[in-house]
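Structure file query.txt (compact mmCIF, C-alpha atoms) follows.
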# COMPACT_ATOMS: atom_id res chain seq x y z
CA MET N 7 79.61 -45.97 -28.36
CA GLY N 8 76.32 -45.43 -30.15
CA ASN N 9 74.58 -47.49 -27.49
CA THR N 10 75.76 -45.13 -24.71
CA ARG N 11 74.51 -42.09 -26.61
CA ASP N 12 71.13 -43.69 -27.06
CA GLN N 13 70.89 -44.45 -23.34
CA VAL N 14 71.90 -40.87 -22.38
CA GLY N 15 69.41 -39.49 -24.90
CA LYS N 16 66.61 -41.64 -23.50
CA ALA N 17 67.50 -40.60 -19.95
CA GLY N 18 67.50 -36.92 -20.99
CA LEU N 19 64.10 -37.27 -22.61
CA PHE N 20 62.80 -39.03 -19.50
CA VAL N 21 64.06 -36.22 -17.21
CA ALA N 22 62.81 -33.46 -19.55
CA GLY N 23 59.44 -35.19 -19.83
CA GLY N 24 59.22 -35.42 -16.03
CA ILE N 25 60.03 -31.71 -15.66
CA PHE N 26 57.43 -30.70 -18.26
CA ARG N 27 54.84 -33.04 -16.72
CA THR N 28 55.49 -31.53 -13.26
CA ALA N 29 55.24 -27.99 -14.67
CA PHE N 30 51.95 -28.93 -16.36
CA TYR N 31 50.51 -30.29 -13.09
CA VAL N 32 51.59 -27.16 -11.22
CA CYS N 33 49.88 -24.97 -13.86
CA VAL N 34 46.69 -27.03 -13.61
CA ALA N 35 46.74 -26.77 -9.79
CA VAL N 36 47.21 -22.98 -9.96
CA LEU N 37 44.37 -22.72 -12.50
CA VAL N 38 42.02 -24.80 -10.31
CA PHE N 39 42.94 -22.66 -7.28
CA TRP N 40 42.33 -19.42 -9.22
CA ILE N 41 38.96 -20.65 -10.54
CA GLY N 42 37.91 -21.72 -7.04
CA LYS N 43 38.95 -18.40 -5.53
CA SER N 44 37.12 -16.44 -8.25
CA ALA N 45 33.96 -18.53 -7.85
CA TYR N 46 34.04 -18.06 -4.08
CA GLN N 47 34.49 -14.29 -4.41
CA PHE N 48 31.62 -14.06 -6.92
CA GLY N 49 29.30 -16.04 -4.64
CA TYR N 50 30.35 -13.97 -1.64
CA ASN N 51 29.57 -10.75 -3.51
CA VAL N 52 26.17 -12.08 -4.63
CA PHE N 53 25.03 -13.03 -1.14
CA ASN N 54 26.81 -10.32 0.89
CA GLN N 55 25.03 -7.27 -0.47
CA GLN N 56 26.70 -3.97 0.32
CA ALA N 57 25.81 -0.43 -0.65
CA VAL N 58 28.40 1.43 -2.71
CA SER N 59 28.59 4.23 -0.12
CA PRO N 60 27.20 3.26 3.25
CA GLY N 61 25.87 6.20 5.25
CA ALA N 62 24.26 9.21 3.63
CA GLY N 63 25.20 8.35 0.04
CA GLN N 64 24.65 10.47 -3.04
CA GLU N 65 21.36 10.68 -4.91
CA VAL N 66 21.46 9.83 -8.60
CA THR N 67 18.72 10.07 -11.23
CA VAL N 68 18.53 6.95 -13.38
CA VAL N 69 16.50 6.47 -16.55
CA ILE N 70 15.64 2.87 -17.42
CA PRO N 71 14.50 2.64 -21.07
CA GLU N 72 11.50 0.55 -22.07
CA GLY N 73 12.42 -3.03 -22.97
CA SER N 74 15.77 -3.04 -21.15
CA SER N 75 17.09 -6.44 -20.14
CA THR N 76 18.28 -7.15 -16.63
CA TYR N 77 21.91 -7.00 -17.72
CA GLU N 78 21.34 -3.66 -19.53
CA VAL N 79 19.77 -2.27 -16.33
CA ALA N 80 22.78 -3.55 -14.37
CA LYS N 81 25.17 -1.80 -16.79
CA ILE N 82 23.21 1.46 -16.40
CA LEU N 83 23.33 1.19 -12.60
CA LYS N 84 27.08 0.47 -12.70
CA SER N 85 27.72 3.46 -14.98
CA LYS N 86 25.85 5.68 -12.49
CA GLY N 87 27.94 4.32 -9.58
CA LEU N 88 25.02 2.63 -7.80
CA ILE N 89 26.46 -0.91 -7.91
CA GLU N 90 29.99 -2.34 -7.99
CA ASP N 91 29.61 -5.18 -10.52
CA SER N 92 26.94 -5.65 -13.18
CA MET N 93 27.35 -9.45 -13.31
CA VAL N 94 26.87 -9.69 -9.54
CA PHE N 95 23.71 -7.52 -9.77
CA TYR N 96 22.45 -9.70 -12.63
CA ALA N 97 22.89 -12.84 -10.49
CA GLN N 98 21.30 -11.12 -7.46
CA GLU N 99 18.26 -10.16 -9.54
CA LYS N 100 17.86 -13.70 -10.89
CA LEU N 101 17.94 -15.09 -7.33
CA SER N 102 15.64 -12.44 -5.84
CA THR N 103 11.89 -12.13 -5.54
CA TYR N 104 12.11 -9.25 -8.03
CA LYS N 105 13.15 -11.51 -10.93
CA GLY N 106 11.72 -10.07 -14.13
CA LYS N 107 9.72 -7.36 -12.31
CA MET N 108 11.88 -4.27 -12.90
CA LYS N 109 10.06 -1.55 -14.82
CA ALA N 110 11.13 1.22 -17.14
CA GLY N 111 11.02 4.77 -15.82
CA THR N 112 12.98 7.55 -14.20
CA TYR N 113 14.13 6.88 -10.65
CA LEU N 114 15.90 8.80 -7.91
CA LEU N 115 18.28 6.32 -6.26
CA SER N 116 21.03 6.67 -3.70
CA THR N 117 24.49 5.13 -3.53
CA ALA N 118 23.56 4.18 0.05
CA TYR N 119 20.94 1.68 -1.21
CA THR N 120 21.69 -2.05 -1.25
CA PRO N 121 21.13 -3.95 -4.51
CA THR N 122 17.96 -5.54 -3.10
CA ARG N 123 16.51 -2.13 -2.27
CA ILE N 124 17.38 -0.85 -5.75
CA MET N 125 15.66 -3.90 -7.28
CA GLY N 126 12.60 -3.27 -5.10
CA ILE N 127 12.42 0.34 -6.18
CA LEU N 128 12.82 -0.57 -9.86
CA ALA N 129 10.10 -3.22 -9.46
CA GLY N 130 7.69 -0.72 -7.88
CA ASP N 131 7.62 -2.42 -4.47
CA GLU N 132 5.43 -0.25 -2.27
CA GLU N 133 7.46 -1.14 0.84
CA GLN N 134 10.45 0.71 -0.61
CA ILE N 135 10.30 4.41 0.17
CA GLY N 136 12.11 7.38 -1.25
CA VAL N 137 11.28 6.58 -4.84
CA THR N 138 10.70 9.18 -7.52
CA GLN N 139 9.63 7.79 -10.85
CA ASP N 140 7.77 9.25 -13.77
CA THR N 141 5.03 6.59 -13.72
CA GLY N 142 3.40 8.22 -10.71
CA ALA N 143 3.76 5.16 -8.46
CA ALA N 144 5.84 7.15 -5.99
CA ALA N 145 3.17 9.50 -4.70
CA ASP N 146 4.21 8.49 -1.18
CA THR N 147 7.25 10.79 -1.50
CA ALA N 148 4.92 13.79 -1.54
CA ALA N 149 3.30 15.24 1.57
CA ASP N 150 2.07 12.43 3.83
CA SER N 151 -0.32 14.52 5.87
CA GLN N 152 -1.19 18.00 7.07
CA THR N 153 -1.53 18.36 10.82
CA THR N 154 -2.35 21.20 13.14
CA ASP N 155 -0.63 21.30 16.51
CA ALA N 156 -1.69 24.18 18.78
CA GLY N 157 -2.17 26.57 15.87
CA THR N 158 1.11 25.63 14.11
CA ASP N 159 0.79 24.07 10.65
CA ALA N 160 3.22 21.25 9.90
CA ALA N 161 3.70 19.15 6.80
CA ASP N 162 5.32 15.71 6.98
CA THR N 163 7.21 14.69 3.86
CA GLN N 164 9.26 11.63 3.12
CA ASN N 165 12.90 12.04 2.08
CA ALA N 166 14.72 9.70 -0.34
CA ASP N 167 16.68 8.17 2.54
CA GLY N 168 13.50 7.20 4.41
CA THR N 169 13.57 9.87 7.11
CA ALA N 170 10.64 12.19 7.71
CA ASP N 171 11.06 15.95 7.64
CA THR N 172 8.56 17.99 9.62
CA GLN N 173 8.55 21.68 8.83
CA ALA N 174 6.74 23.94 11.22
CA ALA N 175 5.37 27.38 10.39
CA ASP N 176 8.50 29.04 11.79
CA GLY N 177 10.64 27.25 9.13
CA ALA N 178 12.57 24.94 11.49
CA ALA N 179 13.03 21.40 10.21
CA VAL N 180 12.88 18.44 12.54
CA GLU N 181 14.33 15.10 11.35
CA GLY N 182 12.60 11.96 12.59
CA GLU N 183 12.37 8.26 11.96
CA SER N 184 9.90 7.09 9.35
CA GLY N 185 8.89 4.01 11.32
CA GLN N 186 10.68 1.59 9.01
Please, can you express the file's structure as structure tokens?
Amino acid sequence: MGNTRDQVGKAGLFVAGGIFRTAFYVCVAVLVFWIGKSAYQFGYNVFNQQAVSPGAGQEVTVVIPEGSSTYEVAKILKSKGLIEDSMVFYAQEKLSTYKGKMKAGTYLLSTAYTPTRIMGILAGDEEQIGVTQDTGAAADTAADSQTTDAGTDAADTQNADGTADTQAADGAAVEGESGQ
């Protein structure tokens, strides 16, 4: 009789071990799938740059303190609602031409800007327009030129979204393309 109990006990352990082994393999497969999906989503977000609010967006003043790291800048931008994910912005900055070039200052940014444009503005890239910063590098946002057209004075100024406003002497504003 003892021999039968030993055989049943061994068979039970074999079945229980098989069930636990199968459950372990299923958990490992789910974990690998989850890690793969997360890695794909992260990479997709890094290379598929989107503005937080496409269209007009909302202008936000951002102050970047002296000596801020890239990740600290990313956390500031996320807290202001200019980017979705600070780790994604950090990776985008490390892979961009603006790596290590962002400068401290006060900036006027829009939620309609892509992360690359924000990096360009923070790096002082002269091709980026609509920048207001306290270092004086954004003088191009002031009046571009004074022109006289048949006795009517007009001043062209550059808006933060890159469009030009022309105000004539009668006070009417005409929106135009900035040539970008």
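Our summary of the geometry notes that CA of Lys105 in chain N is positioned 16.5 Å from CA of Glu72 in chain N.
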Spatial neighbours of range 74-82 of chain N, 7 Å, all atoms listed in the file, chain gap at least 4 places, as a ChimeraX atom specification: /N:70,86,92,95-96
Would you output that residue set with C-alpha atoms, as a PDB file, in the coordinates of the input?
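As a result, selection-v8.pdb now contains:
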ATOM      1  CA  ILE N  70      15.640   2.870 -17.420  1.00  0.00           C
ATOM      2  CA  LYS N  86      25.850   5.680 -12.490  1.00  0.00           C
ATOM      3  CA  SER N  92      26.940  -5.650 -13.180  1.00  0.00           C
ATOM      4  CA  PHE N  95      23.710  -7.520  -9.770  1.00  0.00           C
ATOM      5  CA  TYR N  96      22.450  -9.700 -12.630  1.00  0.00           C
TER       6      TYR N  96
END
Selection: 6 Å around range 122-133 of chain N, only C-alpha atoms, excl. self and same-chain fewer than 4 positions, as a list of chain:residue names: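 What passes the distance filter is N:Lys107, N:Met108, N:Lys109.
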Among listed residues N:Ser102, N:Leu88, N:Gly24, N:Thr10, nearest Leu115 in chain N (using all atoms listed in the file):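 The answer is N:Leu88, which sits nearest to Leu115 in chain N.
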Between CA of Gly61 in chain N and CA of Tyr119 in chain N, distance in Å (one decimal):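 Separation of CA of Gly61 in chain N and CA of Tyr119 in chain N: 9.3 Å.
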Atom-to-atom span, CA of Ala110 in chain N and CA of Glu90 in chain N, Å: 21.3 Å
Minimum-distance residue to Thr120 in chain N, chosen among N:Pro71, N:Asn54, N:Gly18, N:Glu65 (using only C-alpha atoms):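 The closest residue to Thr120 in chain N is N:Asn54.
Nearest to Tyr113 in chain N of all the residues N:Ser85, N:Asn9, N:Thr67, N:Ser59 is N:Thr67, based on only C-alpha atoms.
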